[in-house]
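One structure is given below, encoded as structure tokens.
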Amino acid sequence: GTLEDPDVVLTRTPLELDERGFKKLNKLLAKTHEQTLAIAAESAARQAEEVFPTELGMLHFKRG
């Protein structure tokens, strides 16, 4: 039932990248991860009464 929530983001996007594109996308994902941690810290600092656990998963790899 968890994945049926309309706020869930779930995507799969096969790509064809050269080495430069592969590295550029990895840098973007690293920045996204840093921003994710900053958002979590901001959320914790607000000390809201209602909080809920979430999970973020990112995969980027060379397909065989």
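So you can find residues: chains in the structure tokens are A, B, ... in the order shown, residues in each start at 1, and ligands are numbered from 1 in order.
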Within 12 Å of Lys23 of chain A using only C-alpha atoms, minus same-chain residues under 5 positions, as a short mmCIF file (atom, residue, chain, number, x, y, z; two decimals) with C-alpha atoms, in the first residue's frame:
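Result file follows (out_6.cif):
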data_model
loop_
_atom_site.label_atom_id
_atom_site.label_comp_id
_atom_site.auth_asym_id
_atom_site.auth_seq_id
_atom_site.Cartn_x
_atom_site.Cartn_y
_atom_site.Cartn_z
CA LEU A 17 25.45 8.42 -21.86
CA ASP A 18 29.08 8.94 -22.74
CA LEU A 28 24.15 16.13 -9.95
CA LEU A 29 23.01 13.17 -7.85
CA ALA A 30 25.70 13.93 -5.24
CA HIS A 60 22.80 5.26 -11.18
CA PHE A 61 24.95 2.58 -12.73
CA LYS A 62 26.34 1.30 -15.98
#
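Each of A:Arg63, A:Thr54, A:Leu25, A:Ser43 was checked against Val9 of chain A using only C-alpha atoms; the smallest atom-to-atom distance is that of A:Thr54.
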From the list A:Phe22, A:Pro14, A:Thr36, A:Glu42, which residue is nearest Glu55 of chain A when using only C-alpha atoms?
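Among A:Phe22, A:Pro14, A:Thr36, A:Glu42, it is A:Thr36 that comes nearest to Glu55 of chain A.
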Would you mind telling me which residue in A:Lys27, A:Arg20, A:Arg46, A:His33 lies nearest to Met58 of chain A when using only C-alpha atoms?
A:His33
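Here atom CA of Leu56 of chain A stands at a distance of 17.2 Å from atom CA of Gly1 of chain A.
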Distance atom CA of Gly57 of chain A-atom CA of Leu10 of chain A, one decimal place?
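Answer for the atom CA of Gly57 of chain A to atom CA of Leu10 of chain A separation: 9.6 Å.
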